[in-house]
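Q: What follows is a single structure, and I will ask about it in a moment.
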Amino acid sequence: MTDRTGLLTDRYELTMLDSWVRDGSADQNRAQHSAVFEVFARRLPEGRRYGVLAGLGRLLPLVEAFTFDSDEVAWLQAEGVIGEQTADYLRDFRFRGDIDAYPEGDLYFPGSPVLTVRGTLGECVVLETLVLSVLNHDTAIASAAARMVVAAGDRPIIEMGGRRTHEQAAIATARAAYLAGFASTSNLAAGRRYGIPTVGTAAHAFTLAHRSEEAAFRSQVDALGAGTTLLVDTYDIAEGIRTAVRVAGPALGAVRIDSGDLADEAAKARVLLDELGAPDTRIVATSDLDEFVITALADAPIDGYGVGTRVATGSGHPTASMVYKLVAVSDAVGGPLRTVSKKSKDKVSVGGHKTAFREYDDGRLVREYFITDGALPDRGKPVQVPVIRAGEVVHSPGIEEVRAFTAAALRTLPAEALSVAAGTPYLTVTLDNPEETA
């Protein structure tokens, strides 16, 4: 589903546009001046060592379809947001510029120019809210999810956060978590829209709705087969496991534990399952898990996890704090670009259109930097790729391709950078300095 409405923007963006459109003739007003905007994060969430960019696959079709219909333009006029000149401008609006970006699923660090938008000042400025809302949300989810995936090792994680966020955000959450390495989702809308594997077990309400736990388990096994996952902690975990094996037999797929000391309960469950002749029955743990709890459970006999609240809220950091800044602009239609930058205290930015490069040592990422003068260095690999040209999407990898790319990107980090323990960013991206070392 693609929502094409141009009202996915902030009023202040259209206020600026309205002023620029009034500033000169139709083909010579400031809205027609060339401009370059960049998206970057000044910092990572406290204690984080890397971030994972996500949302590009959702964002690009939205940009391509971004228009204003006649009813929206009329409403904007009625609300006093725009005048007649800007109304004429918006009736014919679509983004016709170019966008370059870090590939979705790539790593980013403080200062990484993850997205560069080039076009006219008018068409670029109205995209700010759309760009930031998608990238900030999805990147926050993917960055948290990646940390959980690393902590889990080869144990799969189910995304189960749909009840902890907005209904549409839940679909985006499932997508971002899957790209970061989650194995599946319980969200059926995400499964249908993006082809993500869907899984799910019964809730406690299912057990409580039956006269007994055994009756509930028999109903679920009859419907789904012995390979299903039975929730065994509605009453007593040990008795629930005995009942589950009695009903499903040794072919029982898994038991889910959603309460108590998960490490202790999993250990006791493993012993009991083995004693009952079900050594292949897996143990799935849920209950407010995050990367820290998963790390603490590394030695427990747990075969998989289900994560909801913490992944859907970015594990305490629900935004990536990315910003969208003007870095170059012309003073006349068709004129040369001049560099612009903020000098505000604590919010200084580097002006100019940046090209980012990375250096690797035996497959390990060791440095990221950018240049602004256009002269290509004799070392390093460009990071950005073309994603939109003349308003049309030219880069649309499939979800499995992005997922594999994310996993490969994470493998370029050393173990200390992948630790969930609080630390400083692995890299800080700055203007090229040949003497700088990673």
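Residues are named by chain letter and number: chains run A, B, ... in the order of the structure tokens, numbers start at 1 in each chain, and ligands are numbered from 1 in the order shown.
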For the structure I just gave you, how does DSSP split stretch 158-365 of chain A - specifically, which residues are strand (DSSP E)? Reply as a PyMOL selection string.

A: chain A and resi 158-159+184-185+229-231+254-257+282-285+304-307+322-330+337-339+355-361+364-365

Q: Can you list, as a count of residues only, every residue of stretch 260-433 of chain A that DSSP puts in helix (DSSP H, G or I)?

A: 43

Q: Just how far from atom CA of A:Phe68 is atom CA of A:Ala328, in Å to one decimal?

A: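 Those two atoms sit 26.3 Å apart.
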
Q: Tell me, as a PyMOL selection string, which residues lie within 12 Å of A:Gly83, counting only C-alpha atoms; anything in the same chain fewer than 3 positions away does not count.

A: chain A and resi 14-22+73-80+86-90

Q: How would the residues just chosen look if you wrote them out with C-alpha atoms as an mmCIF file, in the first residue's frame?

A:
data_model
loop_
_atom_site.group_PDB
_atom_site.id
_atom_site.type_symbol
_atom_site.label_atom_id
_atom_site.label_comp_id
_atom_site.auth_asym_id
_atom_site.auth_seq_id
_atom_site.Cartn_x
_atom_site.Cartn_y
_atom_site.Cartn_z
ATOM 1 C CA LEU A 14 4.551 24.730 3.339
ATOM 2 C CA THR A 15 4.861 28.114 5.035
ATOM 3 C CA MET A 16 8.449 28.326 3.772
ATOM 4 C CA LEU A 17 7.397 27.101 0.351
ATOM 5 C CA ASP A 18 4.636 29.689 0.158
ATOM 6 C CA SER A 19 7.090 32.475 0.932
ATOM 7 C CA TRP A 20 9.554 31.254 -1.687
ATOM 8 C CA VAL A 21 6.919 30.844 -4.394
ATOM 9 C CA ARG A 22 5.746 34.440 -3.822
ATOM 10 C CA VAL A 73 -4.860 22.109 -2.165
ATOM 11 C CA ALA A 74 -8.278 23.667 -1.553
ATOM 12 C CA TRP A 75 -8.111 22.747 2.118
ATOM 13 C CA LEU A 76 -4.624 24.265 2.454
ATOM 14 C CA GLN A 77 -5.932 27.506 0.969
ATOM 15 C CA ALA A 78 -8.993 27.507 3.192
ATOM 16 C CA GLU A 79 -6.773 27.047 6.243
ATOM 17 C CA GLY A 80 -4.614 29.976 5.204
ATOM 18 C CA THR A 86 1.537 28.192 -4.156
ATOM 19 C CA ALA A 87 -1.756 26.447 -4.875
ATOM 20 C CA ASP A 88 -0.883 26.508 -8.582
ATOM 21 C CA TYR A 89 2.588 25.178 -7.729
ATOM 22 C CA LEU A 90 1.219 22.279 -5.690
#

Q: So, counting only C-alpha atoms, which residue among A:Thr129, A:Ser112, A:Thr229, A:Thr120 is closest to A:Val329?

A: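 Of all the options, A:Thr120 lies closest to A:Val329.
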
Q: I'd like the neighbourhood of A:Leu62 as a ChimeraX atom specification, where a residue qualifies if any of its atoms comes within 12 Å (using only C-alpha atoms), though same-chain residues fewer than 5 positions away should be ignored.

A: /A:1-8,55-57,67,94-95,127,129-131,133-134,388,391-393

Q: I'd like the neighbourhood of A:Thr201 as a list in words, where a residue qualifies if any of its atoms comes within 12 Å (using only C-alpha atoms), though same-chain residues fewer than 3 positions away should be ignored.

A: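 Counting only the stated atoms, we get Ile158, Met160, Thr185, Ser186, Thr198, His204, Ala205, Phe206, Thr207, Phe217, Gln220, Val221, Ala223, Leu224, Gly227, Thr228, Thr229, Leu230, Leu231, Val232, Gly253, Ala254, Val255, Arg256, Ile257, Asp258, Val284, Thr286 and Gly306 of chain A.
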
Q: Rank nothing, just name the residue among A:Ala320, A:Leu276, A:Val52, A:Ala35 nearest to A:Gly119, using only C-alpha atoms.

A: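 Checking each of A:Ala320, A:Leu276, A:Val52, A:Ala35 against A:Gly119, counting only C-alpha atoms, the winner is A:Ala35.
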
Q: Got a sec: who's within 10 Å of A:Ser34, counting only C-alpha atoms, leaving out chain neighbours fewer than 5 positions off, as JSON, numbers by chain?

A: {"A": [97, 118, 119, 120, 121, 122, 123, 124, 328, 329, 330, 331, 332, 333, 334, 335, 336, 337, 338]}

Q: Would you save the residues of that selection, restricted to all heavy atoms, as a compact mmCIF listing (two decimals), in the first residue's frame?

A:
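So the final result, stored in again20.txt, reads:
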# COMPACT_ATOMS: atom_id res chain seq x y z
N GLY A 97 13.52 15.36 -8.59
CA GLY A 97 14.96 15.42 -8.33
C GLY A 97 15.60 14.05 -8.19
O GLY A 97 15.04 13.03 -8.61
N ARG A 118 18.63 15.94 -3.89
CA ARG A 118 18.99 17.04 -4.78
C ARG A 118 17.82 17.37 -5.69
O ARG A 118 17.19 16.48 -6.26
CB ARG A 118 20.21 16.66 -5.65
CG ARG A 118 21.44 16.29 -4.86
CD ARG A 118 22.67 16.13 -5.74
NE ARG A 118 22.46 15.18 -6.83
CZ ARG A 118 22.60 13.87 -6.71
NH1 ARG A 118 22.93 13.35 -5.53
NH2 ARG A 118 22.42 13.08 -7.73
N GLY A 119 17.54 18.66 -5.80
CA GLY A 119 16.44 19.11 -6.65
C GLY A 119 16.26 20.59 -6.48
O GLY A 119 17.20 21.31 -6.14
N THR A 120 15.05 21.07 -6.69
CA THR A 120 14.79 22.48 -6.42
C THR A 120 14.52 22.64 -4.92
O THR A 120 14.11 21.69 -4.23
CB THR A 120 13.58 22.98 -7.21
OG1 THR A 120 12.41 22.27 -6.77
CG2 THR A 120 13.78 22.77 -8.70
N LEU A 121 14.72 23.85 -4.44
CA LEU A 121 14.51 24.13 -3.02
C LEU A 121 13.08 23.79 -2.61
O LEU A 121 12.85 23.19 -1.55
CB LEU A 121 14.81 25.61 -2.76
CG LEU A 121 14.87 26.09 -1.32
CD1 LEU A 121 15.89 25.31 -0.51
CD2 LEU A 121 15.18 27.58 -1.27
N GLY A 122 12.12 24.12 -3.46
CA GLY A 122 10.72 23.86 -3.13
C GLY A 122 10.40 22.39 -3.03
O GLY A 122 9.75 21.95 -2.07
N GLU A 123 10.83 21.60 -4.00
CA GLU A 123 10.46 20.19 -3.99
C GLU A 123 11.21 19.42 -2.91
O GLU A 123 10.71 18.41 -2.40
CB GLU A 123 10.71 19.55 -5.36
CG GLU A 123 12.16 19.45 -5.79
CD GLU A 123 12.30 18.88 -7.19
OE1 GLU A 123 11.37 18.20 -7.67
OE2 GLU A 123 13.36 19.11 -7.82
N CYS A 124 12.39 19.88 -2.53
CA CYS A 124 13.14 19.19 -1.49
C CYS A 124 12.60 19.50 -0.09
O CYS A 124 12.53 18.62 0.77
CB CYS A 124 14.62 19.59 -1.54
SG CYS A 124 15.50 19.00 -3.00
N ALA A 328 23.52 22.90 0.71
CA ALA A 328 23.97 23.70 -0.44
C ALA A 328 22.75 24.26 -1.15
O ALA A 328 21.70 23.60 -1.22
CB ALA A 328 24.81 22.86 -1.40
N VAL A 329 22.87 25.48 -1.70
CA VAL A 329 21.75 26.13 -2.38
C VAL A 329 22.29 27.13 -3.38
O VAL A 329 23.38 27.68 -3.20
CB VAL A 329 20.82 26.82 -1.34
CG1 VAL A 329 21.54 27.98 -0.66
CG2 VAL A 329 19.52 27.27 -1.97
N SER A 330 21.53 27.34 -4.45
CA SER A 330 21.92 28.36 -5.42
C SER A 330 21.19 29.67 -5.12
O SER A 330 20.14 29.68 -4.48
CB SER A 330 21.60 27.90 -6.85
OG SER A 330 20.20 27.86 -7.06
N ASP A 331 21.75 30.77 -5.59
CA ASP A 331 21.14 32.08 -5.36
C ASP A 331 20.32 32.56 -6.55
O ASP A 331 19.79 33.67 -6.53
CB ASP A 331 22.22 33.11 -5.03
CG ASP A 331 22.85 32.83 -3.67
OD1 ASP A 331 22.09 32.48 -2.74
OD2 ASP A 331 24.08 32.94 -3.54
N ALA A 332 20.23 31.71 -7.57
CA ALA A 332 19.44 32.05 -8.75
C ALA A 332 19.10 30.76 -9.47
O ALA A 332 19.79 29.74 -9.32
CB ALA A 332 20.21 32.98 -9.69
N VAL A 333 18.02 30.77 -10.22
CA VAL A 333 17.65 29.59 -10.99
C VAL A 333 18.77 29.28 -11.97
O VAL A 333 19.19 30.14 -12.76
CB VAL A 333 16.33 29.83 -11.74
CG1 VAL A 333 16.01 28.64 -12.65
CG2 VAL A 333 15.19 30.07 -10.76
N GLY A 334 19.28 28.06 -11.89
CA GLY A 334 20.38 27.66 -12.76
C GLY A 334 21.74 28.11 -12.30
O GLY A 334 22.76 27.82 -12.95
N GLY A 335 21.81 28.81 -11.17
CA GLY A 335 23.08 29.32 -10.67
C GLY A 335 23.88 28.25 -9.94
O GLY A 335 23.37 27.17 -9.62
N PRO A 336 25.15 28.56 -9.64
CA PRO A 336 26.00 27.59 -8.94
C PRO A 336 25.57 27.42 -7.49
O PRO A 336 25.00 28.33 -6.88
CB PRO A 336 27.39 28.22 -9.03
CG PRO A 336 27.12 29.69 -9.14
CD PRO A 336 25.87 29.81 -9.95
N LEU A 337 25.85 26.26 -6.95
CA LEU A 337 25.53 25.99 -5.55
C LEU A 337 26.56 26.64 -4.64
O LEU A 337 27.76 26.67 -4.96
CB LEU A 337 25.51 24.48 -5.29
CG LEU A 337 24.37 23.68 -5.93
CD1 LEU A 337 24.64 22.20 -5.81
CD2 LEU A 337 23.04 24.01 -5.25
N ARG A 338 26.11 27.14 -3.52
CA ARG A 338 27.03 27.60 -2.48
C ARG A 338 26.77 26.79 -1.21
O ARG A 338 25.64 26.37 -0.92
CB ARG A 338 26.85 29.10 -2.20
CG ARG A 338 25.50 29.51 -1.67
CD ARG A 338 25.44 31.01 -1.38
NE ARG A 338 24.09 31.43 -1.03
CZ ARG A 338 23.59 31.39 0.21
NH1 ARG A 338 24.35 30.96 1.20
NH2 ARG A 338 22.34 31.80 0.44

Q: So, with only C-alpha atoms as the atoms that count, which of A:Glu213, A:Glu159, A:Asp23, A:Glu167 lies closest to A:Asp290?

A: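 Among the listed residues, A:Glu159 lies closest to A:Asp290.
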